[in-house]
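K.L.:
Take a look at the following structure, please.
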Number of protein chains: 2
Amino acid sequence: MIFTTKAEYGVRLMVELGRQSGARTATSLKVIAESEALPLAYLERIVALLKKAGLVESTRGAHGGYRLSRSPEEITMDDVILALEGSVAPMNCFVDDTDGSSRVLCSHEADAGQGCATKLLWMRVQGGVMEKLQQTTLAELVAFSHRENTPPPTERENLTHA
Amino acid sequence: MIFTTKAEYGVRLMVELGRQSGARTATSLKVIAESEALPLAYLERIVALLKKAGLVESTRGAHGGYRLSRSPEEITMDDVILALEGSVAPMNCFVDDTDGSSRVLCSHEADAGQGCATKLLWMRVQGGVMEKLQQTTLAELVAFSHRENTPPPTERENLTHA
DNA sequence: TTCAATCCTACCAACGGGGTCGGAGATGAA
DNA sequence: TTCATCTCCGACCCCGTTGGTAGGATTGAA
């Protein structure tokens with residue numbers, strides 16, 4: 001499994017906020033939890049990650065809630081996933097650097113005096129994942145989830161990316 | 001973490017067998033375990049997966065061991081990883097079908113009567129991973145791990161894929 | 001002042017990952 | 001024939017992480 005439910009729930013939460021993006025009032029977690037059938041207490045911890053990353057803003061107190069810091073078009077999913085999962089590494093020995101340029105720390109490398117046989121593969125895979133995440137905006141997911149409500153004529157073309 | 005140590009160890013094992021690809025005698029697990037500093041008993045279980053997938057052949061008894069079923073050039077890493085990990089799914093609700101065409105079974109989809117907001121994203125990510133795996137052959141990894149022994153002049157160009 | 005929200009910390013059960021152990025069947029060499 | 005190696009196979013086990021709960025403190029609108 002590449003991602004945990006943090007990513008699943010967090011992305012759904014972001015999409016939900018993206019839908020309300022035009023609204024003036026903030027959206028409470030309670031509403032989102034009910035509409036997505038997710039545990040509220042768990043969502044609280046997840047949204048904290050998104051807030052710390054500056055992706056959402058909050059207002060406390062009655063009638064408070066959350067809203068996006070930027071417009072959905074300006075939010076790419078690599079920011080979201082990185083905020084939620086911490087990093088996207090193919091293997092333990094791969095540690096993402098915070099600035100995005102993934103640095104490779106492979107403990108096996110120094111061991112036998114020979115190169116890490118899997119390094120090339122993991123680099124490519126990680127590159128492939130990050131590429132797809134960067135290419136996908138929150139706005140796309142919002143539009144896609146809308147379209148899914150009414151059975152679309154040709155949906156498959158959206159799945160493959162240019 | 002995208003992959004478990006099954007993938008890490010299994011790929012290293014395959015690379016090791018790929019190095020011995022020309023040899024007439026089979027390579028015993030014990031030799032591989034020692035040269036890669038991996039637990040032998042665990043390797044036994046891992047290589048069983050590779051054998052079941054038809055990627056390696058074995059001969060039992062004294063002086064037995066394992067060898068590749070095909071030449072390293074003919075082995076793409078998607079076969080190897082799928083044999084080791086069972087599937088490469090971004091999320092629980094994604095179930096790969098055995099024939100390669102990944103079928104999507106998302107439990108949330110039927111729930112609220114609305115489309116799965118994350119479906120588009122997970123499809124793209126999975127596609128990105130599978131693409132990279134298919135593009136990489138075992139022969140490449142063998143060559144790469146050789147080159148790493150003697151510090152290469154320009155190694156970075158190998159990491160980015162066309 | 002009351003109620004609804006965000007916030008924050010501690011706690012916990014279950015599961016899967018990452019092994020270990022012991023033995024049982026081949027099989028070539030001494 | 002016996003022995004040293006191998007592959008094979010199932011049971012077992014430790015432990016960290018995941019996924020989630022409990023309970024409260026703080027904030028702010030009505």
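As shown in the structure tokens, the chain order sets the letters A, B, ...; within each chain, residues go from 1, and ligands are also counted from 1 in the order they appear.
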Skipping near chain neighbours, those fewer than 6 positions away, what residues fall within 7 Å of Thr137 (chain B) using only C-alpha atoms (C1' of nucleotides), listed as a list in words?
P.N.:
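Contacts, in chain order: Pro72, Glu73, Ile75, Thr76 and Met77 of chain B.
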K.L.:
Check every residue of chain C for an atom within 9 Å of chain B, counting only C-alpha atoms (C1' of nucleotides), and provide those that qualify as a ChimeraX atom specification.
P.N.:
/C:17-20,26-29
K.L.:
Generate the output file for the selected residues, N, CA, C and O atoms (P, O5', C5', C4', C3', O3' and C1' of nucleotides), as an mmCIF file, in the first residue's frame.
P.N.:
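File produced: part.cif:
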data_model
loop_
_atom_site.group_PDB
_atom_site.id
_atom_site.type_symbol
_atom_site.label_atom_id
_atom_site.label_comp_id
_atom_site.auth_asym_id
_atom_site.auth_seq_id
_atom_site.Cartn_x
_atom_site.Cartn_y
_atom_site.Cartn_z
ATOM 1 P P DG C 17 2.337 -6.265 5.270
ATOM 2 O "O5'" DG C 17 3.771 -5.893 5.831
ATOM 3 C "C5'" DG C 17 3.965 -4.640 6.445
ATOM 4 C "C4'" DG C 17 5.238 -4.654 7.253
ATOM 5 C "C3'" DG C 17 6.405 -5.326 6.554
ATOM 6 O "O3'" DG C 17 7.568 -4.566 6.797
ATOM 7 C "C1'" DG C 17 5.929 -6.459 8.583
ATOM 8 P P DG C 18 8.899 -4.955 6.094
ATOM 9 O "O5'" DG C 18 9.570 -5.937 7.134
ATOM 10 C "C5'" DG C 18 9.981 -5.418 8.384
ATOM 11 C "C4'" DG C 18 10.596 -6.517 9.208
ATOM 12 C "C3'" DG C 18 11.606 -7.395 8.443
ATOM 13 O "O3'" DG C 18 12.710 -7.661 9.275
ATOM 14 C "C1'" DG C 18 9.982 -8.726 9.433
ATOM 15 P P DG C 19 14.080 -8.142 8.582
ATOM 16 O "O5'" DG C 19 13.729 -9.598 8.044
ATOM 17 C "C5'" DG C 19 14.328 -10.747 8.619
ATOM 18 C "C4'" DG C 19 13.739 -11.076 9.981
ATOM 19 C "C3'" DG C 19 14.148 -12.437 10.485
ATOM 20 O "O3'" DG C 19 15.349 -12.331 11.235
ATOM 21 C "C1'" DG C 19 11.834 -11.979 10.927
ATOM 22 P P DT C 20 16.282 -13.562 11.369
ATOM 23 O "O5'" DT C 20 15.497 -14.565 12.329
ATOM 24 C "C5'" DT C 20 15.169 -14.160 13.649
ATOM 25 C "C4'" DT C 20 14.533 -15.335 14.397
ATOM 26 C "C3'" DT C 20 15.367 -16.622 14.319
ATOM 27 O "O3'" DT C 20 15.512 -17.123 15.633
ATOM 28 C "C1'" DT C 20 13.125 -17.024 13.612
ATOM 29 P P DA C 26 11.290 -36.056 -2.099
ATOM 30 O "O5'" DA C 26 12.603 -35.189 -2.332
ATOM 31 C "C5'" DA C 26 13.508 -35.659 -3.252
ATOM 32 C "C4'" DA C 26 14.271 -34.509 -3.797
ATOM 33 C "C3'" DA C 26 15.406 -35.008 -4.669
ATOM 34 O "O3'" DA C 26 15.631 -34.098 -5.698
ATOM 35 C "C1'" DA C 26 16.269 -34.000 -2.671
ATOM 36 P P DT C 27 16.160 -34.654 -7.080
ATOM 37 O "O5'" DT C 27 17.731 -34.702 -6.857
ATOM 38 C "C5'" DT C 27 18.359 -33.577 -6.272
ATOM 39 C "C4'" DT C 27 19.800 -33.852 -5.919
ATOM 40 C "C3'" DT C 27 20.399 -35.114 -6.551
ATOM 41 O "O3'" DT C 27 21.689 -34.814 -6.994
ATOM 42 C "C1'" DT C 27 20.836 -35.092 -4.284
ATOM 43 P P DG C 28 22.049 -35.023 -8.568
ATOM 44 O "O5'" DG C 28 23.642 -34.876 -8.511
ATOM 45 C "C5'" DG C 28 24.184 -33.608 -8.267
ATOM 46 C "C4'" DG C 28 25.225 -33.669 -7.162
ATOM 47 C "C3'" DG C 28 26.457 -34.518 -7.501
ATOM 48 O "O3'" DG C 28 27.615 -33.744 -7.266
ATOM 49 C "C1'" DG C 28 25.600 -35.096 -5.372
ATOM 50 P P DA C 29 29.067 -34.252 -7.747
ATOM 51 O "O5'" DA C 29 29.751 -34.701 -6.366
ATOM 52 C "C5'" DA C 29 30.027 -33.698 -5.396
ATOM 53 C "C4'" DA C 29 30.572 -34.326 -4.121
ATOM 54 C "C3'" DA C 29 31.812 -35.217 -4.328
ATOM 55 O "O3'" DA C 29 32.695 -34.986 -3.242
ATOM 56 C "C1'" DA C 29 30.091 -36.453 -3.284
#
K.L.:
If you count only C-alpha atoms (C1' of nucleotides), which residues fall within 10 Å of Ala53 (chain A), apart from same-chain ones fewer than 5 positions away, as an mmCIF file with all heavy atoms, in the first residue's frame?
P.N.:
data_model
loop_
_atom_site.group_PDB
_atom_site.id
_atom_site.type_symbol
_atom_site.label_atom_id
_atom_site.label_comp_id
_atom_site.auth_asym_id
_atom_site.auth_seq_id
_atom_site.Cartn_x
_atom_site.Cartn_y
_atom_site.Cartn_z
ATOM 1 N N VAL A 47 -6.607 17.157 9.714
ATOM 2 C CA VAL A 47 -6.675 18.529 9.229
ATOM 3 C C VAL A 47 -5.589 19.390 9.878
ATOM 4 O O VAL A 47 -5.154 20.391 9.310
ATOM 5 C CB VAL A 47 -8.080 19.126 9.477
ATOM 6 C CG1 VAL A 47 -8.223 19.567 10.916
ATOM 7 C CG2 VAL A 47 -8.353 20.265 8.515
ATOM 8 N N ALA A 48 -5.138 18.966 11.055
ATOM 9 C CA ALA A 48 -4.051 19.696 11.711
ATOM 10 C C ALA A 48 -2.788 19.664 10.858
ATOM 11 O O ALA A 48 -2.041 20.645 10.795
ATOM 12 C CB ALA A 48 -3.785 19.101 13.095
ATOM 13 N N ASP A 79 1.893 18.754 -2.698
ATOM 14 C CA ASP A 79 1.896 19.482 -1.430
ATOM 15 C C ASP A 79 0.976 18.814 -0.419
ATOM 16 O O ASP A 79 1.327 18.655 0.758
ATOM 17 C CB ASP A 79 1.445 20.928 -1.662
ATOM 18 C CG ASP A 79 2.505 21.753 -2.357
ATOM 19 O OD1 ASP A 79 3.697 21.387 -2.255
ATOM 20 O OD2 ASP A 79 2.156 22.749 -3.008
ATOM 21 N N VAL A 80 -0.198 18.411 -0.891
ATOM 22 C CA VAL A 80 -1.189 17.812 -0.002
ATOM 23 C C VAL A 80 -0.671 16.488 0.560
ATOM 24 O O VAL A 80 -0.693 16.247 1.774
ATOM 25 C CB VAL A 80 -2.519 17.594 -0.751
ATOM 26 C CG1 VAL A 80 -3.527 16.884 0.140
ATOM 27 C CG2 VAL A 80 -3.069 18.923 -1.245
ATOM 28 N N LEU A 82 2.369 15.266 0.652
ATOM 29 C CA LEU A 82 3.557 15.429 1.495
ATOM 30 C C LEU A 82 3.183 15.917 2.884
ATOM 31 O O LEU A 82 3.756 15.472 3.886
ATOM 32 C CB LEU A 82 4.546 16.399 0.832
ATOM 33 C CG LEU A 82 5.874 15.784 0.397
ATOM 34 C CD1 LEU A 82 5.660 14.521 -0.406
ATOM 35 C CD2 LEU A 82 6.722 16.769 -0.380
ATOM 36 N N ALA A 83 2.204 16.822 2.950
ATOM 37 C CA ALA A 83 1.749 17.314 4.252
ATOM 38 C C ALA A 83 1.134 16.183 5.066
ATOM 39 O O ALA A 83 1.331 16.094 6.275
ATOM 40 C CB ALA A 83 0.732 18.433 4.059
ATOM 41 N N LEU A 84 0.406 15.311 4.393
ATOM 42 C CA LEU A 84 -0.328 14.270 5.096
ATOM 43 C C LEU A 84 0.558 13.084 5.459
ATOM 44 O O LEU A 84 0.488 12.552 6.574
ATOM 45 C CB LEU A 84 -1.483 13.778 4.217
ATOM 46 C CG LEU A 84 -2.624 14.789 4.000
ATOM 47 C CD1 LEU A 84 -3.526 14.335 2.868
ATOM 48 C CD2 LEU A 84 -3.413 14.995 5.277
#
K.L.:
Enter the distance from CA of Met91 (chain B) to CA of Arg12 (chain B), in Å, rounded to one decimal.
P.N.:
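CA of Met91 (chain B) sits 25.9 Å away from CA of Arg12 (chain B).
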K.L.:
Using the chain letters and numbers from this document, which residues of region 6-92 of chain A does DSSP assign to strand (DSSP E or B), as JSON, numbers by chain?
P.N.:
{"A": [27, 56, 57, 58, 59, 65, 66, 67, 68, 76]}
K.L.:
Per residue of chain D within 10 Å of chain A, note the shortest atom pair and the distance in Å to one decimal, counting only C-alpha atoms (C1' of nucleotides), and order the rows by chain and increasing residue number, as JSON lines.
P.N.:
{"residue": "D:DT18", "atom": "C1'", "partner": "A:Thr4", "partner_atom": "CA", "distance": 7.9}
{"residue": "D:DG19", "atom": "C1'", "partner": "A:Thr5", "partner_atom": "CA", "distance": 8.1}
{"residue": "D:DG20", "atom": "C1'", "partner": "A:Tyr42", "partner_atom": "CA", "distance": 6.5}
{"residue": "D:DT21", "atom": "C1'", "partner": "A:Ala41", "partner_atom": "CA", "distance": 7.8}
{"residue": "D:DA22", "atom": "C1'", "partner": "A:Ala41", "partner_atom": "CA", "distance": 9.8}
{"residue": "D:DT26", "atom": "C1'", "partner": "A:Gly61", "partner_atom": "CA", "distance": 8.8}
{"residue": "D:DT27", "atom": "C1'", "partner": "A:Gly61", "partner_atom": "CA", "distance": 4.9}
{"residue": "D:DG28", "atom": "C1'", "partner": "A:Gly61", "partner_atom": "CA", "distance": 4.4}
{"residue": "D:DA29", "atom": "C1'", "partner": "A:Ala62", "partner_atom": "CA", "distance": 5.7}
{"residue": "D:DA30", "atom": "C1'", "partner": "A:Ala62", "partner_atom": "CA", "distance": 9.0}
K.L.:
Measure the distance from CA of Thr136 (chain B) to CA of Ala117 (chain A) in Å and round it to one decimal.
P.N.:
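Pair CA of Thr136 (chain B) / CA of Ala117 (chain A) returns 12.7 Å.
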K.L.:
Just want the 12 Å neighbourhood of DA24 (chain C), counted on only C-alpha atoms (C1' of nucleotides), with same-chain residues fewer than 5 positions away dropped. Output as a list of chain:residue names.
P.N.:
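Everything that qualifies: D:DT7, D:DC8, D:DC9, D:DG10.
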K.L.:
For DA30 (chain C), list every protein, DNA or RNA residue within 12 Å, evaluated using only C-alpha atoms (C1' of nucleotides), and leave out those in the same chain fewer than 4 positions away; present the list as a ChimeraX atom specification.
P.N.:
/D:1-4
K.L.:
For Met14 (chain A), list every protein, DNA or RNA residue within 12 Å, evaluated using only C-alpha atoms (C1' of nucleotides), and leave out those in the same chain fewer than 2 positions away; present the list as a VMD selection string.
P.N.:
(chain A and resid 6 to 12 16 to 21 27 29 32 36 43 46 to 47 49 to 51 55 to 57 66 to 72 75 to 77 79 to 81 83 to 84 137 to 142) or (chain B and resid 117 to 118)
K.L.:
What is the distance between CA of Ser58 (chain B) and CA of Phe144 (chain B), in Å to one decimal?
P.N.:
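Answer for the CA of Ser58 (chain B) to CA of Phe144 (chain B) separation: 25.8 Å.
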